[in-house]
$ cat work-v7.cif   # mmCIF, C-alpha atoms
data_protein
#
loop_
_atom_site.group_PDB
_atom_site.id
_atom_site.type_symbol
_atom_site.label_atom_id
_atom_site.label_comp_id
_atom_site.auth_asym_id
_atom_site.auth_seq_id
_atom_site.Cartn_x
_atom_site.Cartn_y
_atom_site.Cartn_z
ATOM 1 C CA MET A 1 59.897 11.076 -95.081
ATOM 2 C CA ILE A 2 59.325 7.903 -97.069
ATOM 3 C CA ILE A 3 61.991 5.280 -96.321
ATOM 4 C CA GLY A 4 60.726 2.608 -98.714
ATOM 5 C CA ILE A 5 57.818 1.533 -100.877
ATOM 6 C CA GLY A 6 56.937 -2.042 -101.767
ATOM 7 C CA VAL A 7 54.280 -3.636 -103.919
ATOM 8 C CA ASP A 8 53.556 -7.283 -104.651
ATOM 9 C CA VAL A 9 50.892 -9.253 -106.489
ATOM 10 C CA CYS A 10 50.096 -12.922 -106.105
ATOM 11 C CA GLN A 11 47.917 -15.113 -108.314
ATOM 12 C CA ILE A 12 45.559 -16.829 -105.904
ATOM 13 C CA ASP A 13 45.390 -20.081 -107.896
ATOM 14 C CA ARG A 14 49.190 -20.203 -108.055
ATOM 15 C CA TYR A 15 49.344 -19.703 -104.302
ATOM 16 C CA ALA A 16 46.815 -22.535 -103.857
ATOM 17 C CA ALA A 17 48.936 -24.798 -106.063
ATOM 18 C CA ALA A 18 52.006 -24.034 -103.934
ATOM 19 C CA GLU A 19 50.062 -25.001 -100.809
ATOM 20 C CA GLN A 20 49.030 -28.300 -102.408
ATOM 21 C CA ARG A 21 52.514 -29.131 -103.707
ATOM 22 C CA ARG A 22 54.330 -28.284 -100.494
ATOM 23 C CA PRO A 23 52.690 -29.227 -97.200
ATOM 24 C CA GLY A 24 53.488 -26.583 -94.625
ATOM 25 C CA PHE A 25 54.020 -23.869 -97.259
ATOM 26 C CA SER A 26 51.633 -21.418 -95.613
ATOM 27 C CA ALA A 27 52.838 -22.233 -92.110
ATOM 28 C CA ARG A 28 56.357 -21.277 -93.174
ATOM 29 C CA TRP A 29 55.312 -17.747 -94.201
ATOM 30 C CA LEU A 30 52.159 -17.057 -92.190
ATOM 31 C CA THR A 31 51.333 -17.012 -88.497
ATOM 32 C CA PRO A 32 48.787 -19.538 -87.175
ATOM 33 C CA ALA A 33 46.083 -16.828 -87.155
ATOM 34 C CA GLU A 34 46.842 -16.007 -90.804
ATOM 35 C CA VAL A 35 46.899 -19.676 -91.862
ATOM 36 C CA ALA A 36 43.353 -20.053 -90.500
ATOM 37 C CA LEU A 37 42.022 -17.476 -93.002
ATOM 38 C CA PRO A 38 40.408 -18.221 -96.390
ATOM 39 C CA LEU A 39 42.690 -18.859 -99.378
ATOM 40 C CA SER A 40 42.377 -15.378 -100.914
ATOM 41 C CA SER A 41 43.249 -13.774 -97.568
ATOM 42 C CA ARG A 42 46.284 -16.046 -97.141
ATOM 43 C CA ALA A 43 47.526 -15.076 -100.608
ATOM 44 C CA ALA A 44 46.997 -11.390 -99.775
ATOM 45 C CA ARG A 45 49.012 -11.727 -96.590
ATOM 46 C CA PHE A 46 51.798 -13.478 -98.466
ATOM 47 C CA ALA A 47 51.836 -10.553 -100.921
ATOM 48 C CA ALA A 48 51.814 -8.107 -98.000
ATOM 49 C CA LYS A 49 54.911 -9.692 -96.481
ATOM 50 C CA GLU A 50 56.707 -9.642 -99.836
ATOM 51 C CA ALA A 51 55.800 -5.960 -100.234
ATOM 52 C CA LEU A 52 57.019 -5.264 -96.690
ATOM 53 C CA ALA A 53 60.391 -6.867 -97.445
ATOM 54 C CA LYS A 54 60.735 -4.574 -100.468
ATOM 55 C CA ALA A 55 59.735 -1.487 -98.470
ATOM 56 C CA LEU A 56 62.290 -2.403 -95.786
ATOM 57 C CA LEU A 57 64.977 -2.722 -98.473
ATOM 58 C CA SER A 58 65.628 -6.220 -97.170
ATOM 59 C CA GLU A 59 68.311 -8.469 -98.539
ATOM 60 C CA GLY A 60 67.081 -11.408 -96.495
ATOM 61 C CA GLY A 61 67.247 -12.512 -92.897
ATOM 62 C CA LEU A 62 63.708 -11.527 -91.940
ATOM 63 C CA ARG A 63 61.525 -14.092 -90.169
ATOM 64 C CA TRP A 64 58.026 -13.809 -91.580
ATOM 65 C CA HIS A 65 56.322 -14.838 -88.369
ATOM 66 C CA ASP A 66 57.736 -11.518 -87.068
ATOM 67 C CA ALA A 67 55.240 -9.648 -89.288
ATOM 68 C CA GLU A 68 51.566 -10.453 -88.871
ATOM 69 C CA VAL A 69 48.796 -8.739 -90.820
ATOM 70 C CA THR A 70 45.974 -7.763 -88.493
ATOM 71 C CA LYS A 71 42.797 -5.732 -88.969
ATOM 72 C CA ASP A 72 41.266 -3.085 -86.750
ATOM 73 C CA ASP A 73 37.574 -2.848 -85.843
ATOM 74 C CA HIS A 74 36.875 -1.128 -89.190
ATOM 75 C CA GLY A 75 38.666 -3.790 -91.260
ATOM 76 C CA ARG A 76 41.754 -1.666 -91.983
ATOM 77 C CA PRO A 77 44.862 -3.853 -92.267
ATOM 78 C CA SER A 78 48.136 -3.171 -90.513
ATOM 79 C CA PHE A 79 51.256 -5.036 -89.508
ATOM 80 C CA LEU A 80 52.078 -6.230 -86.028
ATOM 81 C CA ILE A 81 55.866 -6.439 -86.211
ATOM 82 C CA SER A 82 58.392 -7.902 -83.789
ATOM 83 C CA GLY A 83 61.816 -9.554 -83.758
ATOM 84 C CA THR A 84 63.804 -9.389 -86.990
ATOM 85 C CA VAL A 85 61.263 -7.227 -88.807
ATOM 86 C CA ALA A 86 61.041 -4.690 -85.962
ATOM 87 C CA ALA A 87 64.846 -4.611 -85.777
ATOM 88 C CA ARG A 88 65.142 -3.872 -89.509
ATOM 89 C CA ALA A 89 62.489 -1.151 -89.258
ATOM 90 C CA ALA A 90 64.361 0.421 -86.327
ATOM 91 C CA GLU A 91 67.661 0.209 -88.214
ATOM 92 C CA LEU A 92 66.110 2.254 -91.036
ATOM 93 C CA GLY A 93 64.385 4.685 -88.669
ATOM 94 C CA VAL A 94 60.883 3.586 -89.671
ATOM 95 C CA ASP A 95 58.215 5.055 -87.394
ATOM 96 C CA ARG A 96 55.113 4.027 -89.329
ATOM 97 C CA VAL A 97 54.224 1.256 -91.778
ATOM 98 C CA HIS A 98 51.223 1.796 -94.063
ATOM 99 C CA LEU A 99 49.564 -1.258 -95.623
ATOM 100 C CA SER A 100 46.882 -1.680 -98.261
ATOM 101 C CA ILE A 101 45.779 -5.145 -99.405
ATOM 102 C CA SER A 102 43.129 -6.352 -101.801
ATOM 103 C CA HIS A 103 42.074 -9.497 -103.613
ATOM 104 C CA ASP A 104 39.796 -9.741 -106.613
ATOM 105 C CA ALA A 105 39.611 -11.462 -110.010
ATOM 106 C CA GLY A 106 42.072 -14.152 -108.943
ATOM 107 C CA ILE A 107 44.793 -11.716 -107.851
ATOM 108 C CA ALA A 108 45.917 -10.655 -104.373
ATOM 109 C CA ALA A 109 47.832 -7.382 -104.158
ATOM 110 C CA ALA A 110 49.581 -5.465 -101.416
ATOM 111 C CA TYR A 111 51.166 -2.040 -101.163
ATOM 112 C CA VAL A 112 53.429 -0.965 -98.278
ATOM 113 C CA ILE A 113 54.967 2.379 -97.408
ATOM 114 C CA CYS A 114 57.537 2.686 -94.641
ATOM 115 C CA GLU A 115 57.733 6.186 -93.231
ATOM 116 C CA ARG A 116 59.924 8.112 -90.805
ATOM 117 C CA LEU A 117 58.170 10.945 -89.030
ATOM 118 C CA ASP A 118 60.423 13.959 -88.968
ATOM 119 C CA SER A 119 59.919 16.310 -86.077
#

$ encode --input "work-v7.cif" --output "structure tokens"
Amino acid sequence: MIIGIGVDVCQIDRYAAAEQRRPGFSARWLTPAEVALPLSSRAARFAAKEALAKALLSEGGLRWHDAEVTKDDHGRPSFLISGTVAARAAELGVDRVHLSISHDAGIAAAYVICERLDS
């Protein structure tokens, strides 16, 4: 059963401008491993976290270092969740989080589906 769906898009140049205007902007939203990535990947991870908040039906209170976008050996992205994000997922009965991210033509996009596996 689908618990929530979230989508977000981020203009990469707008994200870059936010980083320049506000020192520490990326460090506020992204983990150290994510901050070390290229600009387009940072923007995609920002979009992924926004999409995750929507899929978790969040009204705030989530710490974004509690959701890290990682990739497996084949390059498929997924979330490593802990703390406040894991607690919200458990509260909703989420068993699986699906993530798709992409960046092209100056736009980063992310799509998240939170699912409960019914037995």

$ atom_distance --input "work-v7.cif" --atom1 "CA of Ala110 (chain A)" --atom2 "CA of Gly93 (chain A)"
22.0 Å

$ residues_around --input "work-v7.cif" --residues "Tyr15 (chain A)" --least-positions-apart "2" --cutoff "10 Å" --atoms "all atoms listed in the file" --output "list in words"
Cys10, Gln11, Ile12, Asp13, Ala17, Ala18, Glu19, Gln20, Arg21, Phe25, Ser26, Leu39, Ser40, Arg42, Ala43, Ala44, Phe46, Ile107 and Ala108 of chain A

$ write_last_selection --input "work-v7.cif" --atoms "C-alpha atoms" --output "PDB file, keeping the file's coordinate frame"
ATOM      1  CA  CYS A  10      50.096 -12.922-106.105  1.00  0.00           C
ATOM      2  CA  GLN A  11      47.917 -15.113-108.314  1.00  0.00           C
ATOM      3  CA  ILE A  12      45.559 -16.829-105.904  1.00  0.00           C
ATOM      4  CA  ASP A  13      45.390 -20.081-107.896  1.00  0.00           C
ATOM      5  CA  ALA A  17      48.936 -24.798-106.063  1.00  0.00           C
ATOM      6  CA  ALA A  18      52.006 -24.034-103.934  1.00  0.00           C
ATOM      7  CA  GLU A  19      50.062 -25.001-100.809  1.00  0.00           C
ATOM      8  CA  GLN A  20      49.030 -28.300-102.408  1.00  0.00           C
ATOM      9  CA  ARG A  21      52.514 -29.131-103.707  1.00  0.00           C
ATOM     10  CA  PHE A  25      54.020 -23.869 -97.259  1.00  0.00           C
ATOM     11  CA  SER A  26      51.633 -21.418 -95.613  1.00  0.00           C
ATOM     12  CA  LEU A  39      42.690 -18.859 -99.378  1.00  0.00           C
ATOM     13  CA  SER A  40      42.377 -15.378-100.914  1.00  0.00           C
ATOM     14  CA  ARG A  42      46.284 -16.046 -97.141  1.00  0.00           C
ATOM     15  CA  ALA A  43      47.526 -15.076-100.608  1.00  0.00           C
ATOM     16  CA  ALA A  44      46.997 -11.390 -99.775  1.00  0.00           C
ATOM     17  CA  PHE A  46      51.798 -13.478 -98.466  1.00  0.00           C
ATOM     18  CA  ILE A 107      44.793 -11.716-107.851  1.00  0.00           C
ATOM     19  CA  ALA A 108      45.917 -10.655-104.373  1.00  0.00           C
TER      20      ALA A 108
END

$ closest_residue --input "work-v7.cif" --among "A:Arg28, A:Arg22, A:Arg96, A:His103" --to "Ile3 (chain A)" --atoms "all atoms listed in the file"
A:Arg96

$ residues_around --input "work-v7.cif" --residues "region 98-100 of chain A" --least-positions-apart "5" --cutoff "9 Å" --atoms "only C-alpha atoms" --output "list of chain:residue names"
A:Ala48, A:Leu52, A:Val69, A:Arg76, A:Pro77, A:Ser78, A:Phe79, A:Ala109, A:Ala110, A:Tyr111, A:Val112, A:Ile113, A:Cys114, A:Glu115

$ atom_distance --input "work-v7.cif" --atom1 "CA of Thr84 (chain A)" --atom2 "CA of Ala67 (chain A)"
8.9 Å

$ resolve_selection --input "work-v7.cif" --expression "the PyMOL selection byres ((chain A and resi 63) around 12)" --output "list of chain:residue names"
A:Arg28, A:Trp29, A:Leu30, A:Thr31, A:Lys49, A:Glu50, A:Leu52, A:Ala53, A:Ser58, A:Gly60, A:Gly61, A:Leu62, A:Trp64, A:His65, A:Asp66, A:Ala67, A:Glu68, A:Ile81, A:Ser82, A:Gly83, A:Thr84, A:Val85, A:Ala86, A:Ala87, A:Arg88

$ resolve_selection --input "work-v7.cif" --expression "the PyMOL selection byres ((chain A and resi 55) around 6)" --output "JSON, numbers by chain"
{"A": [4, 5, 6, 52, 53, 54, 56, 57]}

$ atom_distance --input "work-v7.cif" --atom1 "CA of Met1 (chain A)" --atom2 "CA of Ala89 (chain A)"
13.8 Å

$ axis_aligned_box --input "work-v7.cif" --around "region 7-13 of chain A" --padding-each-side "4 Å" --output "lines of an AutoDock Vina configuration file"
center_x = 49.8
center_y = -11.9
center_z = -106.1
size_x = 16.9
size_y = 24.4
size_z = 12.4

$ closest_residue --input "work-v7.cif" --among "A:Val97, A:Val35, A:Ala51, A:Ala90" --to "Val7 (chain A)" --atoms "all atoms listed in the file"
A:Ala51

$ closest_residue --input "work-v7.cif" --among "A:Asp118, A:Ala16, A:Lys71, A:Leu80" --to "Pro38 (chain A)" --atoms "only C-alpha atoms"
A:Ala16

$ build_atoms --input "work-v7.cif" --residues "region 57-73 of chain A" --atoms "N, CA, C and O atoms" --output "PDB file, in the coordinates of the input"
ATOM      1  N   LEU A  57      63.708  -2.609 -97.743  1.00  0.00           N
ATOM      2  CA  LEU A  57      64.977  -2.722 -98.473  1.00  0.00           C
ATOM      3  C   LEU A  57      65.758  -3.941 -98.001  1.00  0.00           C
ATOM      4  O   LEU A  57      66.982  -3.907 -97.882  1.00  0.00           O
ATOM      5  N   SER A  58      65.030  -5.019 -97.751  1.00  0.00           N
ATOM      6  CA  SER A  58      65.628  -6.220 -97.170  1.00  0.00           C
ATOM      7  C   SER A  58      66.411  -7.038 -98.190  1.00  0.00           C
ATOM      8  O   SER A  58      65.983  -7.212 -99.326  1.00  0.00           O
ATOM      9  N   GLU A  59      67.512  -7.536 -97.738  1.00  0.00           N
ATOM     10  CA  GLU A  59      68.311  -8.469 -98.539  1.00  0.00           C
ATOM     11  C   GLU A  59      68.242  -9.866 -97.948  1.00  0.00           C
ATOM     12  O   GLU A  59      69.078 -10.714 -98.234  1.00  0.00           O
ATOM     13  N   GLY A  60      67.262 -10.104 -97.121  1.00  0.00           N
ATOM     14  CA  GLY A  60      67.081 -11.408 -96.495  1.00  0.00           C
ATOM     15  C   GLY A  60      67.243 -11.315 -94.991  1.00  0.00           C
ATOM     16  O   GLY A  60      67.514 -10.257 -94.434  1.00  0.00           O
ATOM     17  N   GLY A  61      67.057 -12.443 -94.333  1.00  0.00           N
ATOM     18  CA  GLY A  61      67.247 -12.512 -92.897  1.00  0.00           C
ATOM     19  C   GLY A  61      66.028 -12.153 -92.059  1.00  0.00           C
ATOM     20  O   GLY A  61      66.106 -12.162 -90.839  1.00  0.00           O
ATOM     21  N   LEU A  62      64.912 -11.836 -92.701  1.00  0.00           N
ATOM     22  CA  LEU A  62      63.708 -11.527 -91.940  1.00  0.00           C
ATOM     23  C   LEU A  62      62.903 -12.801 -91.703  1.00  0.00           C
ATOM     24  O   LEU A  62      62.766 -13.621 -92.592  1.00  0.00           O
ATOM     25  N   ARG A  63      62.402 -12.958 -90.494  1.00  0.00           N
ATOM     26  CA  ARG A  63      61.525 -14.092 -90.169  1.00  0.00           C
ATOM     27  C   ARG A  63      60.092 -13.625 -90.354  1.00  0.00           C
ATOM     28  O   ARG A  63      59.673 -12.643 -89.736  1.00  0.00           O
ATOM     29  N   TRP A  64      59.337 -14.309 -91.212  1.00  0.00           N
ATOM     30  CA  TRP A  64      58.026 -13.809 -91.580  1.00  0.00           C
ATOM     31  C   TRP A  64      56.961 -14.016 -90.530  1.00  0.00           C
ATOM     32  O   TRP A  64      55.894 -13.436 -90.618  1.00  0.00           O
ATOM     33  N   HIS A  65      57.254 -14.775 -89.492  1.00  0.00           N
ATOM     34  CA  HIS A  65      56.322 -14.838 -88.369  1.00  0.00           C
ATOM     35  C   HIS A  65      56.473 -13.587 -87.507  1.00  0.00           C
ATOM     36  O   HIS A  65      55.665 -13.357 -86.602  1.00  0.00           O
ATOM     37  N   ASP A  66      57.515 -12.780 -87.786  1.00  0.00           N
ATOM     38  CA  ASP A  66      57.736 -11.518 -87.068  1.00  0.00           C
ATOM     39  C   ASP A  66      56.946 -10.364 -87.682  1.00  0.00           C
ATOM     40  O   ASP A  66      57.105  -9.220 -87.265  1.00  0.00           O
ATOM     41  N   ALA A  67      56.122 -10.650 -88.675  1.00  0.00           N
ATOM     42  CA  ALA A  67      55.240  -9.648 -89.288  1.00  0.00           C
ATOM     43  C   ALA A  67      53.880 -10.301 -89.509  1.00  0.00           C
ATOM     44  O   ALA A  67      53.743 -11.180 -90.349  1.00  0.00           O
ATOM     45  N   GLU A  68      52.908  -9.888 -88.742  1.00  0.00           N
ATOM     46  CA  GLU A  68      51.566 -10.453 -88.871  1.00  0.00           C
ATOM     47  C   GLU A  68      50.610  -9.359 -89.339  1.00  0.00           C
ATOM     48  O   GLU A  68      50.608  -8.254 -88.796  1.00  0.00           O
ATOM     49  N   VAL A  69      49.812  -9.675 -90.351  1.00  0.00           N
ATOM     50  CA  VAL A  69      48.796  -8.739 -90.820  1.00  0.00           C
ATOM     51  C   VAL A  69      47.574  -8.893 -89.923  1.00  0.00           C
ATOM     52  O   VAL A  69      47.045  -9.987 -89.765  1.00  0.00           O
ATOM     53  N   THR A  70      47.167  -7.782 -89.337  1.00  0.00           N
ATOM     54  CA  THR A  70      45.974  -7.763 -88.493  1.00  0.00           C
ATOM     55  C   THR A  70      45.006  -6.720 -89.057  1.00  0.00           C
ATOM     56  O   THR A  70      45.372  -5.947 -89.941  1.00  0.00           O
ATOM     57  N   LYS A  71      43.794  -6.729 -88.551  1.00  0.00           N
ATOM     58  CA  LYS A  71      42.797  -5.732 -88.969  1.00  0.00           C
ATOM     59  C   LYS A  71      42.211  -5.067 -87.737  1.00  0.00           C
ATOM     60  O   LYS A  71      42.021  -5.722 -86.709  1.00  0.00           O
ATOM     61  N   ASP A  72      41.918  -3.775 -87.861  1.00  0.00           N
ATOM     62  CA  ASP A  72      41.266  -3.085 -86.750  1.00  0.00           C
ATOM     63  C   ASP A  72      39.750  -3.313 -86.805  1.00  0.00           C
ATOM     64  O   ASP A  72      39.267  -4.064 -87.657  1.00  0.00           O
ATOM     65  N   ASP A  73      39.028  -2.659 -85.927  1.00  0.00           N
ATOM     66  CA  ASP A  73      37.574  -2.848 -85.843  1.00  0.00           C
ATOM     67  C   ASP A  73      36.838  -2.416 -87.109  1.00  0.00           C
ATOM     68  O   ASP A  73      35.693  -2.798 -87.321  1.00  0.00           O
TER      69      ASP A  73
END
